[in-house]
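This is entry_9.txt. It holds compact mmCIF, N, CA and C atoms.
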# COMPACT_ATOMS: atom_id res chain seq x y z
N MET A 271 35.36 -16.64 -4.21
CA MET A 271 35.47 -16.04 -2.89
C MET A 271 34.12 -16.08 -2.17
N ALA A 272 33.04 -15.76 -2.85
CA ALA A 272 31.72 -15.81 -2.22
C ALA A 272 31.42 -17.23 -1.73
N ARG A 273 31.93 -18.21 -2.44
CA ARG A 273 31.73 -19.61 -2.05
C ARG A 273 32.35 -19.88 -0.68
N GLU A 274 33.49 -19.26 -0.41
CA GLU A 274 34.16 -19.41 0.89
C GLU A 274 33.25 -18.98 2.04
N LEU A 275 32.48 -17.93 1.82
CA LEU A 275 31.65 -17.38 2.89
C LEU A 275 30.34 -18.16 3.07
N SER A 276 30.09 -19.10 2.20
CA SER A 276 28.84 -19.84 2.23
C SER A 276 29.04 -21.21 2.85
N LYS A 277 29.56 -21.22 4.04
CA LYS A 277 29.86 -22.50 4.67
C LYS A 277 28.75 -22.94 5.61
N LEU A 278 28.34 -24.17 5.43
CA LEU A 278 27.37 -24.81 6.31
C LEU A 278 28.09 -25.93 7.03
N ARG A 279 27.96 -25.97 8.33
CA ARG A 279 28.61 -26.99 9.14
C ARG A 279 27.54 -27.72 9.93
N GLU A 280 27.72 -29.02 10.13
CA GLU A 280 26.75 -29.84 10.86
C GLU A 280 27.41 -30.50 12.05
N VAL A 281 26.74 -30.46 13.20
CA VAL A 281 27.26 -31.06 14.43
C VAL A 281 26.12 -31.83 15.10
N ASN A 282 26.43 -33.05 15.53
CA ASN A 282 25.46 -33.89 16.22
C ASN A 282 25.67 -33.75 17.73
N LEU A 283 24.78 -33.00 18.39
CA LEU A 283 24.89 -32.80 19.84
C LEU A 283 24.49 -34.04 20.63
N GLU A 284 23.82 -34.97 20.00
CA GLU A 284 23.39 -36.20 20.69
C GLU A 284 24.49 -37.24 20.79
N LEU A 285 25.53 -37.09 19.96
CA LEU A 285 26.60 -38.07 19.90
C LEU A 285 27.20 -38.32 21.29
N GLY A 286 27.25 -39.55 21.70
CA GLY A 286 27.80 -39.91 23.00
C GLY A 286 26.80 -39.80 24.14
N MET A 287 25.55 -39.53 23.81
CA MET A 287 24.48 -39.41 24.81
C MET A 287 24.84 -38.48 25.97
N PRO A 288 25.14 -37.22 25.67
CA PRO A 288 25.54 -36.28 26.73
C PRO A 288 24.37 -35.86 27.60
N THR A 289 24.70 -35.30 28.76
CA THR A 289 23.67 -34.66 29.58
C THR A 289 23.30 -33.35 28.89
N VAL A 290 22.25 -32.72 29.34
CA VAL A 290 21.84 -31.44 28.78
C VAL A 290 22.96 -30.41 28.97
N ASP A 291 23.55 -30.36 30.15
CA ASP A 291 24.63 -29.40 30.41
C ASP A 291 25.82 -29.63 29.49
N GLN A 292 26.18 -30.87 29.28
CA GLN A 292 27.30 -31.19 28.38
C GLN A 292 26.97 -30.76 26.95
N ALA A 293 25.73 -30.99 26.53
CA ALA A 293 25.31 -30.64 25.17
C ALA A 293 25.35 -29.12 24.97
N ILE A 294 24.94 -28.36 25.97
CA ILE A 294 24.95 -26.89 25.85
C ILE A 294 26.38 -26.36 25.85
N LYS A 295 27.24 -26.97 26.64
CA LYS A 295 28.67 -26.56 26.61
C LYS A 295 29.26 -26.85 25.23
N ARG A 296 28.92 -27.99 24.67
CA ARG A 296 29.43 -28.31 23.34
C ARG A 296 28.85 -27.35 22.30
N LEU A 297 27.57 -27.01 22.44
CA LEU A 297 26.94 -26.07 21.53
C LEU A 297 27.66 -24.73 21.55
N THR A 298 27.98 -24.24 22.74
CA THR A 298 28.71 -22.98 22.89
C THR A 298 30.05 -23.07 22.16
N PHE A 299 30.77 -24.15 22.39
CA PHE A 299 32.05 -24.35 21.73
C PHE A 299 31.88 -24.38 20.21
N GLU A 300 30.90 -25.13 19.73
CA GLU A 300 30.71 -25.30 18.28
C GLU A 300 30.30 -23.99 17.60
N ILE A 301 29.54 -23.16 18.28
CA ILE A 301 29.18 -21.85 17.71
C ILE A 301 30.44 -21.02 17.52
N HIS A 302 31.26 -20.94 18.55
CA HIS A 302 32.50 -20.15 18.47
C HIS A 302 33.47 -20.75 17.44
N HIS A 303 33.60 -22.06 17.44
CA HIS A 303 34.49 -22.74 16.51
C HIS A 303 34.04 -22.53 15.06
N SER A 304 32.75 -22.67 14.83
CA SER A 304 32.21 -22.50 13.47
C SER A 304 32.40 -21.08 12.98
N ARG A 305 32.16 -20.13 13.85
CA ARG A 305 32.36 -18.72 13.49
C ARG A 305 33.83 -18.49 13.13
N GLY A 306 34.74 -19.05 13.92
CA GLY A 306 36.17 -18.92 13.66
C GLY A 306 36.59 -19.56 12.35
N MET A 307 35.85 -20.58 11.92
CA MET A 307 36.14 -21.25 10.65
C MET A 307 35.55 -20.49 9.46
N GLY A 308 34.78 -19.46 9.74
CA GLY A 308 34.15 -18.69 8.67
C GLY A 308 32.81 -19.23 8.21
N CYS A 309 32.22 -20.11 9.01
CA CYS A 309 30.92 -20.66 8.66
C CYS A 309 29.84 -19.58 8.85
N THR A 310 28.82 -19.66 8.02
CA THR A 310 27.71 -18.72 8.15
C THR A 310 26.50 -19.36 8.82
N VAL A 311 26.42 -20.70 8.75
CA VAL A 311 25.31 -21.42 9.38
C VAL A 311 25.85 -22.69 10.01
N LEU A 312 25.38 -22.95 11.23
CA LEU A 312 25.69 -24.19 11.94
C LEU A 312 24.39 -24.96 12.11
N LYS A 313 24.37 -26.18 11.59
CA LYS A 313 23.21 -27.06 11.76
C LYS A 313 23.51 -27.99 12.91
N ILE A 314 22.63 -27.99 13.91
CA ILE A 314 22.82 -28.91 15.03
C ILE A 314 21.74 -29.99 15.00
N ILE A 315 22.18 -31.20 15.29
CA ILE A 315 21.26 -32.33 15.44
C ILE A 315 21.12 -32.56 16.93
N HIS A 316 19.92 -32.42 17.43
CA HIS A 316 19.69 -32.56 18.87
C HIS A 316 18.62 -33.58 19.20
N GLY A 317 18.00 -34.13 18.19
CA GLY A 317 16.92 -35.09 18.42
C GLY A 317 15.64 -34.38 18.83
N TYR A 318 14.59 -35.16 18.92
CA TYR A 318 13.29 -34.58 19.27
C TYR A 318 12.62 -35.28 20.44
N GLY A 319 13.32 -36.22 21.04
CA GLY A 319 12.78 -36.83 22.24
C GLY A 319 12.37 -38.28 22.11
N SER A 320 12.54 -38.89 20.94
CA SER A 320 12.11 -40.27 20.78
C SER A 320 12.91 -41.23 21.66
N SER A 321 14.16 -40.84 21.97
CA SER A 321 15.00 -41.70 22.80
C SER A 321 14.88 -41.33 24.28
N GLY A 322 14.16 -40.26 24.56
CA GLY A 322 14.01 -39.82 25.94
C GLY A 322 14.98 -38.73 26.33
N THR A 323 16.04 -38.50 25.53
CA THR A 323 17.01 -37.46 25.87
C THR A 323 17.01 -36.31 24.87
N GLY A 324 16.76 -36.59 23.61
CA GLY A 324 16.80 -35.55 22.59
C GLY A 324 15.86 -34.39 22.87
N GLY A 325 14.70 -34.69 23.39
CA GLY A 325 13.73 -33.63 23.67
C GLY A 325 14.25 -32.63 24.68
N LYS A 326 14.97 -33.11 25.68
CA LYS A 326 15.53 -32.21 26.69
C LYS A 326 16.64 -31.35 26.10
N ILE A 327 17.47 -31.95 25.26
CA ILE A 327 18.54 -31.19 24.61
C ILE A 327 17.94 -30.16 23.66
N ARG A 328 16.95 -30.56 22.89
CA ARG A 328 16.30 -29.63 21.96
C ARG A 328 15.72 -28.44 22.70
N THR A 329 14.98 -28.70 23.76
CA THR A 329 14.35 -27.62 24.52
C THR A 329 15.39 -26.68 25.11
N ALA A 330 16.43 -27.24 25.73
CA ALA A 330 17.48 -26.42 26.34
C ALA A 330 18.27 -25.64 25.28
N ALA A 331 18.58 -26.30 24.16
CA ALA A 331 19.35 -25.63 23.10
C ALA A 331 18.57 -24.46 22.53
N ARG A 332 17.30 -24.65 22.28
CA ARG A 332 16.50 -23.57 21.69
C ARG A 332 16.29 -22.43 22.68
N LYS A 333 16.18 -22.75 23.95
CA LYS A 333 16.07 -21.69 24.97
C LYS A 333 17.38 -20.89 25.00
N TYR A 334 18.49 -21.59 24.97
CA TYR A 334 19.81 -20.96 24.96
C TYR A 334 20.00 -20.10 23.71
N LEU A 335 19.58 -20.62 22.55
CA LEU A 335 19.71 -19.86 21.31
C LEU A 335 18.84 -18.60 21.33
N THR A 336 17.69 -18.67 21.97
CA THR A 336 16.84 -17.49 22.12
C THR A 336 17.58 -16.41 22.91
N GLN A 337 18.27 -16.82 23.96
CA GLN A 337 19.07 -15.87 24.75
C GLN A 337 20.21 -15.28 23.93
N LEU A 338 20.92 -16.13 23.18
CA LEU A 338 22.03 -15.64 22.35
C LEU A 338 21.53 -14.66 21.30
N LYS A 339 20.39 -14.94 20.72
CA LYS A 339 19.82 -14.05 19.70
C LYS A 339 19.44 -12.71 20.32
N SER A 340 18.83 -12.74 21.48
CA SER A 340 18.41 -11.48 22.13
C SER A 340 19.61 -10.63 22.53
N ARG A 341 20.76 -11.26 22.78
CA ARG A 341 21.98 -10.52 23.13
C ARG A 341 22.81 -10.16 21.89
N GLY A 342 22.34 -10.57 20.72
CA GLY A 342 23.03 -10.26 19.48
C GLY A 342 24.26 -11.13 19.23
N GLU A 343 24.35 -12.27 19.91
CA GLU A 343 25.51 -13.15 19.74
C GLU A 343 25.38 -14.09 18.55
N ILE A 344 24.15 -14.29 18.09
CA ILE A 344 23.88 -14.99 16.83
C ILE A 344 22.85 -14.14 16.09
N ARG A 345 22.80 -14.30 14.79
CA ARG A 345 21.83 -13.52 14.02
C ARG A 345 20.43 -14.07 14.16
N ASP A 346 20.32 -15.40 14.08
CA ASP A 346 19.00 -16.02 14.11
C ASP A 346 19.17 -17.52 14.28
N PHE A 347 18.07 -18.20 14.50
CA PHE A 347 18.06 -19.66 14.43
C PHE A 347 16.73 -20.09 13.86
N ILE A 348 16.78 -21.22 13.15
CA ILE A 348 15.59 -21.73 12.48
C ILE A 348 15.35 -23.16 12.95
N PRO A 349 14.25 -23.39 13.67
CA PRO A 349 13.92 -24.76 14.06
C PRO A 349 13.72 -25.61 12.80
N GLY A 350 14.12 -26.86 12.83
CA GLY A 350 13.98 -27.73 11.68
C GLY A 350 12.57 -27.82 11.14
N GLU A 351 11.58 -27.74 12.03
CA GLU A 351 10.19 -27.84 11.57
C GLU A 351 9.74 -26.57 10.84
N ALA A 352 10.55 -25.50 10.91
CA ALA A 352 10.24 -24.25 10.19
C ALA A 352 11.24 -24.00 9.05
N PHE A 353 12.09 -24.98 8.76
CA PHE A 353 13.10 -24.84 7.71
C PHE A 353 12.44 -25.19 6.37
N SER A 354 11.86 -24.16 5.77
CA SER A 354 11.06 -24.34 4.57
C SER A 354 11.23 -23.13 3.65
N ILE A 355 11.13 -23.38 2.36
CA ILE A 355 11.20 -22.28 1.40
C ILE A 355 10.04 -21.31 1.58
N PHE A 356 9.02 -21.71 2.30
CA PHE A 356 7.86 -20.85 2.53
C PHE A 356 8.02 -19.95 3.76
N GLU A 357 9.14 -20.11 4.47
CA GLU A 357 9.40 -19.31 5.68
C GLU A 357 10.41 -18.21 5.38
N GLU A 358 10.11 -17.00 5.82
CA GLU A 358 10.97 -15.85 5.57
C GLU A 358 12.36 -16.02 6.17
N ALA A 359 12.45 -16.57 7.37
CA ALA A 359 13.76 -16.75 8.02
C ALA A 359 14.65 -17.68 7.19
N THR A 360 14.06 -18.70 6.59
CA THR A 360 14.83 -19.62 5.75
C THR A 360 15.32 -18.90 4.50
N ARG A 361 14.46 -18.13 3.88
CA ARG A 361 14.87 -17.40 2.67
C ARG A 361 15.97 -16.39 2.98
N ARG A 362 15.91 -15.74 4.14
CA ARG A 362 16.98 -14.81 4.54
C ARG A 362 18.29 -15.58 4.74
N ALA A 363 18.21 -16.76 5.33
CA ALA A 363 19.42 -17.57 5.56
C ALA A 363 20.04 -18.02 4.24
N PHE A 364 19.22 -18.29 3.23
CA PHE A 364 19.75 -18.66 1.91
C PHE A 364 20.68 -17.58 1.38
N ALA A 365 20.35 -16.33 1.64
CA ALA A 365 21.15 -15.21 1.12
C ALA A 365 22.58 -15.26 1.64
N GLY A 366 22.77 -15.74 2.86
CA GLY A 366 24.10 -15.80 3.44
C GLY A 366 24.77 -17.16 3.34
N CYS A 367 24.00 -18.17 2.95
CA CYS A 367 24.56 -19.53 2.89
C CYS A 367 23.81 -20.33 1.82
N ASP A 368 24.31 -20.25 0.61
CA ASP A 368 23.67 -20.93 -0.51
C ASP A 368 23.62 -22.44 -0.31
N ASP A 369 24.55 -23.00 0.46
CA ASP A 369 24.57 -24.44 0.72
C ASP A 369 23.28 -24.93 1.38
N LEU A 370 22.59 -24.06 2.08
CA LEU A 370 21.34 -24.44 2.74
C LEU A 370 20.29 -24.94 1.76
N ARG A 371 20.33 -24.41 0.56
CA ARG A 371 19.33 -24.80 -0.47
C ARG A 371 19.41 -26.29 -0.78
N ARG A 372 20.55 -26.90 -0.53
CA ARG A 372 20.75 -28.32 -0.83
C ARG A 372 20.69 -29.21 0.42
N ASP A 373 20.37 -28.65 1.56
CA ASP A 373 20.33 -29.45 2.78
C ASP A 373 19.19 -30.46 2.71
N ARG A 374 19.47 -31.67 3.14
CA ARG A 374 18.49 -32.77 3.06
C ARG A 374 17.23 -32.52 3.90
N ASP A 375 17.31 -31.62 4.88
CA ASP A 375 16.14 -31.37 5.74
C ASP A 375 15.24 -30.24 5.27
N LEU A 376 15.57 -29.62 4.14
CA LEU A 376 14.74 -28.55 3.63
C LEU A 376 13.34 -29.08 3.29
N ASP A 377 12.34 -28.43 3.86
CA ASP A 377 10.93 -28.80 3.66
C ASP A 377 10.58 -30.20 4.18
N ARG A 378 11.37 -30.72 5.12
CA ARG A 378 11.07 -32.04 5.70
C ARG A 378 10.48 -31.91 7.11
N TYR A 379 10.42 -30.69 7.65
CA TYR A 379 9.81 -30.41 8.96
C TYR A 379 10.39 -31.30 10.06
N ASN A 380 11.72 -31.39 10.08
CA ASN A 380 12.44 -32.24 11.02
C ASN A 380 12.66 -31.49 12.34
N ASN A 381 11.90 -31.82 13.35
CA ASN A 381 12.04 -31.12 14.63
C ASN A 381 13.21 -31.63 15.47
N GLY A 382 14.05 -32.47 14.89
CA GLY A 382 15.24 -32.96 15.56
C GLY A 382 16.50 -32.18 15.22
N VAL A 383 16.34 -31.11 14.43
CA VAL A 383 17.48 -30.28 14.05
C VAL A 383 17.14 -28.80 14.22
N THR A 384 18.18 -27.98 14.28
CA THR A 384 18.02 -26.53 14.31
C THR A 384 19.19 -25.93 13.53
N PHE A 385 18.90 -24.87 12.78
CA PHE A 385 19.91 -24.16 11.99
C PHE A 385 20.21 -22.84 12.69
N ILE A 386 21.49 -22.58 12.95
CA ILE A 386 21.90 -21.37 13.65
C ILE A 386 22.60 -20.46 12.64
N VAL A 387 22.05 -19.28 12.43
CA VAL A 387 22.63 -18.30 11.51
C VAL A 387 23.61 -17.47 12.30
N LEU A 388 24.90 -17.63 11.98
CA LEU A 388 25.96 -16.96 12.71
C LEU A 388 26.16 -15.55 12.17

Could you write out this file's structure as structure tokens?
Amino acid sequence: MARELSKLREVNLELGMPTVDQAIKRLTFEIHHSRGMGCTVLKIIHGYGSSGTGGKIRTAARKYLTQLKSRGEIRDFIPGEAFSIFEEATRRAFAGCDDLRRDRDLDRYNNGVTFIVL
């Protein structure tokens, strides 16, 4: 049963080369959808700007997530570059989602992803 609650889901917001507005709308949908599926963490791939678009999506997504966190709509979010066993937020997220311990981006400082703790 505890395994059921430890769901990690991954979504690529860059897929299809969306505009920033389209990516944020999809992010909103994916947060609600993931929560409805019983996921505890949603990993989003937004890129970091090497293609010229990822950086804008990353910046907008993280600004949006900051707003959601301040309103209590998400518990937390962890930028990929801070997703490390040495970071307190990551260790707290492990407690609610054991699958995170096996994520390929752990300790890789990937600024093209963000983990959203639902």

Segment 348-362 of chain A, all listed atoms, 4 Å padding on each side: what axis-aligned box centre and edge lengths in Å to one decimal come out, as JSON?
{"center_x": 13.1, "center_y": -21.3, "center_z": 7.7, "size_x": 18.4, "size_y": 21.0, "size_z": 20.7}

For this session: Please identify which residues in chain A DSSP calls alpha helix (DSSP H) from the backbone, and express them as an NGL selection string.
Result: :A and (290-306 or 324-340 or 358-366)

Problem set entry | Coordinates-based distance that separates atom CA of Ser304 of chain A from atom C of Ala331 of chain A (Å, one decimal) |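 Between these atoms lies a distance of 16.5 Å.
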
Problem set entry | In chain A, DSSP strand (DSSP E or B) residues written as a list in words |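 Secondary structure check on chain A, strand (DSSP E or B): Leu278, Arg279, Glu280, Val281, Asn282, Val311, Leu312, Lys313, Ile314, Ile315, Asp346, Phe347, Ile348, Pro349, Val383, Thr384, Phe385, Ile386 and Val387 of chain A.
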
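Here atom N of Ile386 of chain A stands at a distance of 13.9 Å from atom CA of Ala365 of chain A.
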
Exercise. Leaving out segment 370-373 of chain A and any residue of its chain fewer than 5 positions from it, which residues lie within 8 Å of it when counting only N, CA and C atoms, given as a PyMOL selection string?
Worked result: chain A and resi 276-278+363-364

For this session: Find the residue from A:Val383, A:Ile294, A:Phe356, A:Arg378 that sits nearest to Tyr334 of chain A; use all atoms listed in the file when measuring.
Result: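 Between A:Val383, A:Ile294, A:Phe356, A:Arg378, the residue approaching Tyr334 of chain A most closely is A:Ile294.
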
Exercise. List as a list of chain:residue names: which residues have an atom within 5 Å of (24.6, -29.0, 9.5), counting all atoms listed in the file?
Worked result: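 The residues that fall inside the cut-off are A:Arg279, A:Glu280, A:Val281, A:Leu312, A:Lys313, A:Ile314.
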
Exercise. Counting all atoms listed in the file, which of A:Arg374, A:Ala359, A:Leu283, A:Pro349 gets nearest to Ile327 of chain A?
Worked result: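 For Ile327 of chain A, the nearest of the given residues is A:Leu283.
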
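The closest residue to Ile348 of chain A, picked from A:Asn282, A:Thr336, A:Thr329, A:Thr384 and counting all atoms listed in the file, is A:Thr384.
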
For this session: Return the single residue from A:Met287, A:Ile344, A:Ala352, A:Cys367 that is closest to Thr310 of chain A, with distances computed using all atoms listed in the file.
Result: A:Cys367

For this session: Work out how far atom C of Glu351 of chain A is from atom CA of Glu300 of chain A, in Å to one decimal.
Result: 22.3 Å

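Of the residues listed (A:Leu285, A:Cys309, A:Ala330, A:Leu335), A:Leu335 shows the shortest atom-to-atom separation from Phe347 of chain A; distances use all atoms listed in the file.
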
For this session: Just the residues within 7 Å of Asp346 of chain A, please, counting only N, CA and C atoms, with nothing from its chain fewer than 4 positions along; format it as an NGL selection string.
Result: :A and (339 or 385-388)

Exercise. Of the candidates A:Gln292, A:Thr298, A:Ser340, A:Ser354, which one gets nearest to Tyr379 of chain A if we count all atoms listed in the file?
Worked result: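 Between A:Gln292, A:Thr298, A:Ser340, A:Ser354, the residue approaching Tyr379 of chain A most closely is A:Ser354.
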
Residue completion, segment 326-342 of chain A, N, CA, C and O atoms, as a PDB file, in the frame of the given file:
ATOM      1  N   LYS A 326      14.970 -33.110  25.680  1.00  0.00           N
ATOM      2  CA  LYS A 326      15.530 -32.210  26.690  1.00  0.00           C
ATOM      3  C   LYS A 326      16.640 -31.350  26.100  1.00  0.00           C
ATOM      4  O   LYS A 326      16.741 -30.164  26.391  1.00  0.00           O
ATOM      5  N   ILE A 327      17.470 -31.950  25.260  1.00  0.00           N
ATOM      6  CA  ILE A 327      18.540 -31.190  24.610  1.00  0.00           C
ATOM      7  C   ILE A 327      17.940 -30.160  23.660  1.00  0.00           C
ATOM      8  O   ILE A 327      18.365 -29.008  23.628  1.00  0.00           O
ATOM      9  N   ARG A 328      16.950 -30.560  22.890  1.00  0.00           N
ATOM     10  CA  ARG A 328      16.300 -29.630  21.960  1.00  0.00           C
ATOM     11  C   ARG A 328      15.720 -28.440  22.700  1.00  0.00           C
ATOM     12  O   ARG A 328      15.959 -27.283  22.326  1.00  0.00           O
ATOM     13  N   THR A 329      14.980 -28.700  23.760  1.00  0.00           N
ATOM     14  CA  THR A 329      14.350 -27.620  24.520  1.00  0.00           C
ATOM     15  C   THR A 329      15.390 -26.680  25.110  1.00  0.00           C
ATOM     16  O   THR A 329      15.281 -25.462  24.995  1.00  0.00           O
ATOM     17  N   ALA A 330      16.430 -27.240  25.730  1.00  0.00           N
ATOM     18  CA  ALA A 330      17.480 -26.420  26.340  1.00  0.00           C
ATOM     19  C   ALA A 330      18.270 -25.640  25.280  1.00  0.00           C
ATOM     20  O   ALA A 330      18.581 -24.462  25.468  1.00  0.00           O
ATOM     21  N   ALA A 331      18.580 -26.300  24.160  1.00  0.00           N
ATOM     22  CA  ALA A 331      19.350 -25.630  23.100  1.00  0.00           C
ATOM     23  C   ALA A 331      18.570 -24.460  22.530  1.00  0.00           C
ATOM     24  O   ALA A 331      19.119 -23.372  22.336  1.00  0.00           O
ATOM     25  N   ARG A 332      17.300 -24.650  22.280  1.00  0.00           N
ATOM     26  CA  ARG A 332      16.500 -23.570  21.690  1.00  0.00           C
ATOM     27  C   ARG A 332      16.290 -22.430  22.680  1.00  0.00           C
ATOM     28  O   ARG A 332      16.276 -21.256  22.290  1.00  0.00           O
ATOM     29  N   LYS A 333      16.180 -22.750  23.950  1.00  0.00           N
ATOM     30  CA  LYS A 333      16.070 -21.690  24.970  1.00  0.00           C
ATOM     31  C   LYS A 333      17.380 -20.890  25.000  1.00  0.00           C
ATOM     32  O   LYS A 333      17.376 -19.664  25.046  1.00  0.00           O
ATOM     33  N   TYR A 334      18.490 -21.590  24.970  1.00  0.00           N
ATOM     34  CA  TYR A 334      19.810 -20.960  24.960  1.00  0.00           C
ATOM     35  C   TYR A 334      20.000 -20.100  23.710  1.00  0.00           C
ATOM     36  O   TYR A 334      20.493 -18.969  23.785  1.00  0.00           O
ATOM     37  N   LEU A 335      19.580 -20.620  22.550  1.00  0.00           N
ATOM     38  CA  LEU A 335      19.710 -19.860  21.310  1.00  0.00           C
ATOM     39  C   LEU A 335      18.840 -18.600  21.330  1.00  0.00           C
ATOM     40  O   LEU A 335      19.238 -17.563  20.787  1.00  0.00           O
ATOM     41  N   THR A 336      17.690 -18.670  21.970  1.00  0.00           N
ATOM     42  CA  THR A 336      16.840 -17.490  22.120  1.00  0.00           C
ATOM     43  C   THR A 336      17.580 -16.410  22.910  1.00  0.00           C
ATOM     44  O   THR A 336      17.550 -15.229  22.550  1.00  0.00           O
ATOM     45  N   GLN A 337      18.270 -16.820  23.960  1.00  0.00           N
ATOM     46  CA  GLN A 337      19.070 -15.870  24.750  1.00  0.00           C
ATOM     47  C   GLN A 337      20.210 -15.280  23.930  1.00  0.00           C
ATOM     48  O   GLN A 337      20.438 -14.065  23.957  1.00  0.00           O
ATOM     49  N   LEU A 338      20.920 -16.130  23.180  1.00  0.00           N
ATOM     50  CA  LEU A 338      22.030 -15.640  22.350  1.00  0.00           C
ATOM     51  C   LEU A 338      21.530 -14.660  21.300  1.00  0.00           C
ATOM     52  O   LEU A 338      22.173 -13.632  21.045  1.00  0.00           O
ATOM     53  N   LYS A 339      20.390 -14.940  20.720  1.00  0.00           N
ATOM     54  CA  LYS A 339      19.820 -14.050  19.700  1.00  0.00           C
ATOM     55  C   LYS A 339      19.440 -12.710  20.320  1.00  0.00           C
ATOM     56  O   LYS A 339      19.727 -11.653  19.750  1.00  0.00           O
ATOM     57  N   SER A 340      18.830 -12.740  21.480  1.00  0.00           N
ATOM     58  CA  SER A 340      18.410 -11.480  22.130  1.00  0.00           C
ATOM     59  C   SER A 340      19.610 -10.630  22.530  1.00  0.00           C
ATOM     60  O   SER A 340      19.511  -9.400  22.580  1.00  0.00           O
ATOM     61  N   ARG A 341      20.760 -11.260  22.780  1.00  0.00           N
ATOM     62  CA  ARG A 341      21.980 -10.520  23.130  1.00  0.00           C
ATOM     63  C   ARG A 341      22.810 -10.160  21.890  1.00  0.00           C
ATOM     64  O   ARG A 341      23.875  -9.572  22.020  1.00  0.00           O
ATOM     65  N   GLY A 342      22.340 -10.570  20.720  1.00  0.00           N
ATOM     66  CA  GLY A 342      23.030 -10.260  19.480  1.00  0.00           C
ATOM     67  C   GLY A 342      24.260 -11.130  19.230  1.00  0.00           C
ATOM     68  O   GLY A 342      25.099 -10.785  18.395  1.00  0.00           O
TER      69      GLY A 342
END
